[in-house]
Amino acid sequence: MSNLLVGAYRPGTTLLHRLPAGPKLGLLAVFGVATVAVPGAWPAVGLLGVAIALALWVRMPLRSTVRALRPLLLVVVVVTAFQVWQQGWPTAIHVVAGLLASVLAALVFTATTAIDAMLDAITTGLGPFRRFGVNPERFALAFSLVLRAIPGILEIAQETRAAAKARGLERSPRALLVPMAIRTVAQAYETGAALHARGIGDD
Amino acid sequence: MPPAIRLDEVAVSVPTPSGDLALLHPTSVHLTEHRIALVGSNGSGKSTFARLLNGLVEPTRGTVTVDGLDTVHDGPAVRRKVGFVFTNPDAQLVMPTCLEDVALSLRRTVKDKRTRQARARAILEEIGLGDKADTTVHALSGGQKQMLALAGVLATDPAVLVADEPTTLLDLRNTQIVADRLFALPQQLVLVTHDLDLAVRCDRALVIDDARVVFDGDPQAAVSTYRTLARA
């Protein structure tokens, strides 16, 4: 699960890797809008084909990509069933192919974009808002901390579960939730101290 | 000439339901040696002492100054001067990949991205993690993580380095690697440690016990004082 978000970056030399993060994010947005706005089942399938081609081009590893897409499975099944019942097959294909295409494109984006490049893009993108009191540097840092915190919290959850299990308490929600909440806060506190110590966010 | 760290009648206490708890009783010291060890038992106040030096802990009474800069009033300036290495590198490494974590430290001083990346890469080469630049920090061993955390701190070019038990979580080999790196630094080093071999390599040692500095001077004598205390 942790590689879903941040371990996802795979260095490479394709055009997609070299494209600056800002324009790339823009293209991703256009692509996402296209999957909804272009009507008909075939164009959506075509866009899905494009997304798959992109994924192959940047050599996304099959296993981790499938793993990242797996949580979508339930949504896909439910949406397909609902659309077939309500609107018929063409709409169902349009919606599901569009959904898969945009998620896959987003995965391609994270696989080809280093966090540092993304932070720079965010900083530049938010530059004009500086005059309204927005601090883009700080915003970008908060963004990266969130990215780092998600796998961190999952790790804490796993460790807490293992600890509860070792003591035969796996069925007690208290033995799972209380330590997890406390350790998450403690971790946040430590991270704060570390950032403070490195002088990040001081200016 | 190393920077002068001066604690002037510094006391730290925290309020508890049963009255104030002293984490450090009034203490005055002047630290100018190149390498200074802080030893003492768990909960003795070593970490509090160490955290005072860069303003992570603020004194309840008295003042702490580094080269004349007050840790409370000139916090950011003091933290630019004083780097801090934590026991657990996991808390210190905030970015997903090694290169990005070092680059984060350089963000303030090196504005150009290309130069920053090149500098960060050079720093990683220097600590033997050149081939791990784009690897996620989760994939590193404990020793590599601590070296990376250290590199992240040194990238900001501090004049003083405070290390809070930097080798406690490491095996013997990694302890030696991290320690050799620390002792090779030109910077002033304040080393909190339970590793008495490391303590005796310093120029001066302070023994902290029950929130007080109970010995201050020669490291060999400090270690024997500490051993006596531990047996009592």
# chains A, B, ... in the order shown; residues from 1 in each chain; ligands from 1

call {"tool": "select_by_dssp", "arguments": {"residues": "region 36-87 of chain B", "states": "strand (DSSP E or B)", "output": "ChimeraX atom specification"}}
result
/B:36-39,61-66,69-70,82-85

call {"tool": "write_last_selection", "arguments": {"atoms": "N, CA and C atoms", "output": "PDB file, in the first residue's frame"}}
result
ATOM      1  N   ILE B  36      32.183  17.473  22.815  1.00  0.00           N
ATOM      2  CA  ILE B  36      31.702  17.417  24.189  1.00  0.00           C
ATOM      3  C   ILE B  36      30.697  16.281  24.300  1.00  0.00           C
ATOM      4  N   ALA B  37      30.911  15.406  25.277  1.00  0.00           N
ATOM      5  CA  ALA B  37      29.988  14.285  25.470  1.00  0.00           C
ATOM      6  C   ALA B  37      29.044  14.590  26.621  1.00  0.00           C
ATOM      7  N   LEU B  38      27.791  14.114  26.479  1.00  0.00           N
ATOM      8  CA  LEU B  38      26.829  14.191  27.577  1.00  0.00           C
ATOM      9  C   LEU B  38      26.446  12.762  27.909  1.00  0.00           C
ATOM     10  N   VAL B  39      26.759  12.310  29.126  1.00  0.00           N
ATOM     11  CA  VAL B  39      26.343  10.968  29.498  1.00  0.00           C
ATOM     12  C   VAL B  39      25.435  11.040  30.719  1.00  0.00           C
ATOM     13  N   ARG B  61      13.737  29.209  33.032  1.00  0.00           N
ATOM     14  CA  ARG B  61      14.450  30.359  33.586  1.00  0.00           C
ATOM     15  C   ARG B  61      15.837  30.396  32.972  1.00  0.00           C
ATOM     16  N   GLY B  62      16.477  31.555  32.983  1.00  0.00           N
ATOM     17  CA  GLY B  62      17.835  31.670  32.468  1.00  0.00           C
ATOM     18  C   GLY B  62      17.861  31.792  30.952  1.00  0.00           C
ATOM     19  N   THR B  63      19.087  31.846  30.384  1.00  0.00           N
ATOM     20  CA  THR B  63      19.200  31.998  28.940  1.00  0.00           C
ATOM     21  C   THR B  63      20.254  31.051  28.374  1.00  0.00           C
ATOM     22  N   VAL B  64      19.990  30.631  27.140  1.00  0.00           N
ATOM     23  CA  VAL B  64      20.960  29.828  26.406  1.00  0.00           C
ATOM     24  C   VAL B  64      21.373  30.652  25.196  1.00  0.00           C
ATOM     25  N   THR B  65      22.687  30.838  25.015  1.00  0.00           N
ATOM     26  CA  THR B  65      23.132  31.578  23.837  1.00  0.00           C
ATOM     27  C   THR B  65      24.187  30.785  23.084  1.00  0.00           C
ATOM     28  N   VAL B  66      24.151  30.906  21.767  1.00  0.00           N
ATOM     29  CA  VAL B  66      25.159  30.301  20.899  1.00  0.00           C
ATOM     30  C   VAL B  66      25.799  31.446  20.135  1.00  0.00           C
ATOM     31  N   LEU B  69      23.847  34.505  20.326  1.00  0.00           N
ATOM     32  CA  LEU B  69      22.459  34.520  19.867  1.00  0.00           C
ATOM     33  C   LEU B  69      21.586  33.747  20.854  1.00  0.00           C
ATOM     34  N   ASP B  70      20.503  34.365  21.268  1.00  0.00           N
ATOM     35  CA  ASP B  70      19.609  33.756  22.241  1.00  0.00           C
ATOM     36  C   ASP B  70      18.707  32.723  21.554  1.00  0.00           C
ATOM     37  N   VAL B  82      23.071  25.623  14.572  1.00  0.00           N
ATOM     38  CA  VAL B  82      23.154  24.381  15.327  1.00  0.00           C
ATOM     39  C   VAL B  82      22.336  23.286  14.647  1.00  0.00           C
ATOM     40  N   GLY B  83      23.005  22.283  14.105  1.00  0.00           N
ATOM     41  CA  GLY B  83      22.308  21.149  13.512  1.00  0.00           C
ATOM     42  C   GLY B  83      21.980  20.136  14.591  1.00  0.00           C
ATOM     43  N   PHE B  84      20.942  19.327  14.355  1.00  0.00           N
ATOM     44  CA  PHE B  84      20.519  18.379  15.382  1.00  0.00           C
ATOM     45  C   PHE B  84      20.231  17.028  14.745  1.00  0.00           C
ATOM     46  N   VAL B  85      20.849  15.982  15.290  1.00  0.00           N
ATOM     47  CA  VAL B  85      20.588  14.624  14.799  1.00  0.00           C
ATOM     48  C   VAL B  85      19.843  13.864  15.883  1.00  0.00           C
TER      49      VAL B  85
END

call {"tool": "interface_residues", "arguments": {"of": "chain A", "to": "chain B", "cutoff": "7 Å", "atoms": "only C-alpha atoms", "output": "list in words"}}
result
Val6, Gly7, Asp116, Ser144, Leu145, Arg148, Gln187, Glu190, Thr191, Ala193, Ala194, Ala197, Arg198, Gly199 and Asp202 of chain A

call {"tool": "write_last_selection", "arguments": {"atoms": "C-alpha atoms", "output": "JSON list (two decimals), in the first residue's frame"}}
result
[["chain", "number", "residue", "atom", "x", "y", "z"],
["A", 6, "VAL", "CA", 5.31, 7.68, -2.66],
["A", 7, "GLY", "CA", 7.49, 4.75, -3.56],
["A", 116, "ASP", "CA", 10.84, 17.54, -5.56],
["A", 144, "SER", "CA", 5.05, 16.49, 0.85],
["A", 145, "LEU", "CA", 4.51, 15.83, 4.55],
["A", 148, "ARG", "CA", 5.20, 10.98, 3.66],
["A", 187, "GLN", "CA", 5.25, 10.61, 15.25],
["A", 190, "GLU", "CA", 8.76, 14.08, 16.36],
["A", 191, "THR", "CA", 8.52, 15.06, 12.71],
["A", 193, "ALA", "CA", 10.72, 18.69, 16.05],
["A", 194, "ALA", "CA", 12.90, 17.35, 13.23],
["A", 197, "ALA", "CA", 15.67, 21.39, 14.06],
["A", 198, "ARG", "CA", 16.47, 21.54, 10.36],
["A", 199, "GLY", "CA", 15.24, 25.13, 10.33],
["A", 202, "ASP", "CA", 11.43, 29.10, 10.24]]

call {"tool": "closest_residue", "arguments": {"among": "A:Gly125, A:Val45, A:Ala111, A:Val134", "to": "Val96 (chain A)", "atoms": "only C-alpha atoms"}}
result
A:Val45

call {"tool": "residues_around", "arguments": {"residues": "Gly46 (chain A)", "least_positions_apart": "4", "cutoff": "12 Å", "atoms": "only C-alpha atoms", "output": "mmCIF file with N, CA and C atoms, in the first residue's frame"}}
result
data_model
loop_
_atom_site.group_PDB
_atom_site.id
_atom_site.type_symbol
_atom_site.label_atom_id
_atom_site.label_comp_id
_atom_site.auth_asym_id
_atom_site.auth_seq_id
_atom_site.Cartn_x
_atom_site.Cartn_y
_atom_site.Cartn_z
ATOM 1 N N PHE A 31 -6.587 15.517 -19.768
ATOM 2 C CA PHE A 31 -6.900 14.115 -20.027
ATOM 3 C C PHE A 31 -8.104 13.673 -19.191
ATOM 4 N N ALA A 34 -11.227 15.107 -20.533
ATOM 5 C CA ALA A 34 -11.580 14.469 -21.801
ATOM 6 C C ALA A 34 -12.318 13.149 -21.573
ATOM 7 N N THR A 35 -11.894 12.391 -20.547
ATOM 8 C CA THR A 35 -12.550 11.100 -20.324
ATOM 9 C C THR A 35 -14.025 11.280 -19.985
ATOM 10 N N VAL A 38 -15.722 13.880 -23.620
ATOM 11 C CA VAL A 38 -15.872 13.295 -24.955
ATOM 12 C C VAL A 38 -16.918 12.182 -24.875
ATOM 13 N N PRO A 39 -18.044 12.333 -25.598
ATOM 14 C CA PRO A 39 -19.128 11.362 -25.455
ATOM 15 C C PRO A 39 -18.828 10.060 -26.211
ATOM 16 N N GLY A 40 -19.534 9.025 -25.838
ATOM 17 C CA GLY A 40 -19.454 7.758 -26.570
ATOM 18 C C GLY A 40 -18.518 6.767 -25.925
ATOM 19 N N ALA A 41 -18.809 5.497 -26.165
ATOM 20 C CA ALA A 41 -18.038 4.430 -25.544
ATOM 21 C C ALA A 41 -16.672 4.268 -26.201
ATOM 22 N N TRP A 42 -16.629 4.379 -27.561
ATOM 23 C CA TRP A 42 -15.362 4.119 -28.250
ATOM 24 C C TRP A 42 -14.260 5.124 -27.924
ATOM 25 N N VAL A 50 -4.801 4.823 -24.774
ATOM 26 C CA VAL A 50 -3.708 5.798 -24.679
ATOM 27 C C VAL A 50 -3.022 5.684 -23.310
ATOM 28 N N ALA A 51 -3.847 5.608 -22.250
ATOM 29 C CA ALA A 51 -3.290 5.520 -20.898
ATOM 30 C C ALA A 51 -2.441 4.265 -20.744
ATOM 31 N N ILE A 52 -2.940 3.141 -21.299
ATOM 32 C CA ILE A 52 -2.176 1.884 -21.208
ATOM 33 C C ILE A 52 -0.863 2.020 -21.982
ATOM 34 N N ALA A 53 -0.962 2.640 -23.168
ATOM 35 C CA ALA A 53 0.250 2.829 -23.976
ATOM 36 C C ALA A 53 1.278 3.669 -23.210
ATOM 37 N N ILE A 93 -19.648 1.411 -20.441
ATOM 38 C CA ILE A 93 -18.274 1.324 -20.958
ATOM 39 C C ILE A 93 -17.604 2.700 -20.911
ATOM 40 N N HIS A 94 -18.375 3.739 -21.304
ATOM 41 C CA HIS A 94 -17.829 5.102 -21.275
ATOM 42 C C HIS A 94 -17.346 5.464 -19.870
ATOM 43 N N ALA A 97 -14.415 2.845 -18.585
ATOM 44 C CA ALA A 97 -13.158 3.025 -19.317
ATOM 45 C C ALA A 97 -12.550 4.386 -18.984
ATOM 46 N N GLY A 98 -13.409 5.405 -18.866
ATOM 47 C CA GLY A 98 -12.936 6.749 -18.533
ATOM 48 C C GLY A 98 -12.300 6.779 -17.155
ATOM 49 N N LEU A 100 -11.001 4.225 -15.421
ATOM 50 C CA LEU A 100 -9.723 3.500 -15.418
ATOM 51 C C LEU A 100 -8.641 4.306 -16.131
ATOM 52 N N ALA A 101 -9.027 4.946 -17.232
ATOM 53 C CA ALA A 101 -8.049 5.726 -17.998
ATOM 54 C C ALA A 101 -7.493 6.857 -17.151
#

call {"tool": "atom_distance", "arguments": {"atom1": "CA of Arg181 (chain B)", "atom2": "CA of Ala151 (chain B)"}}
result
10.1 Å
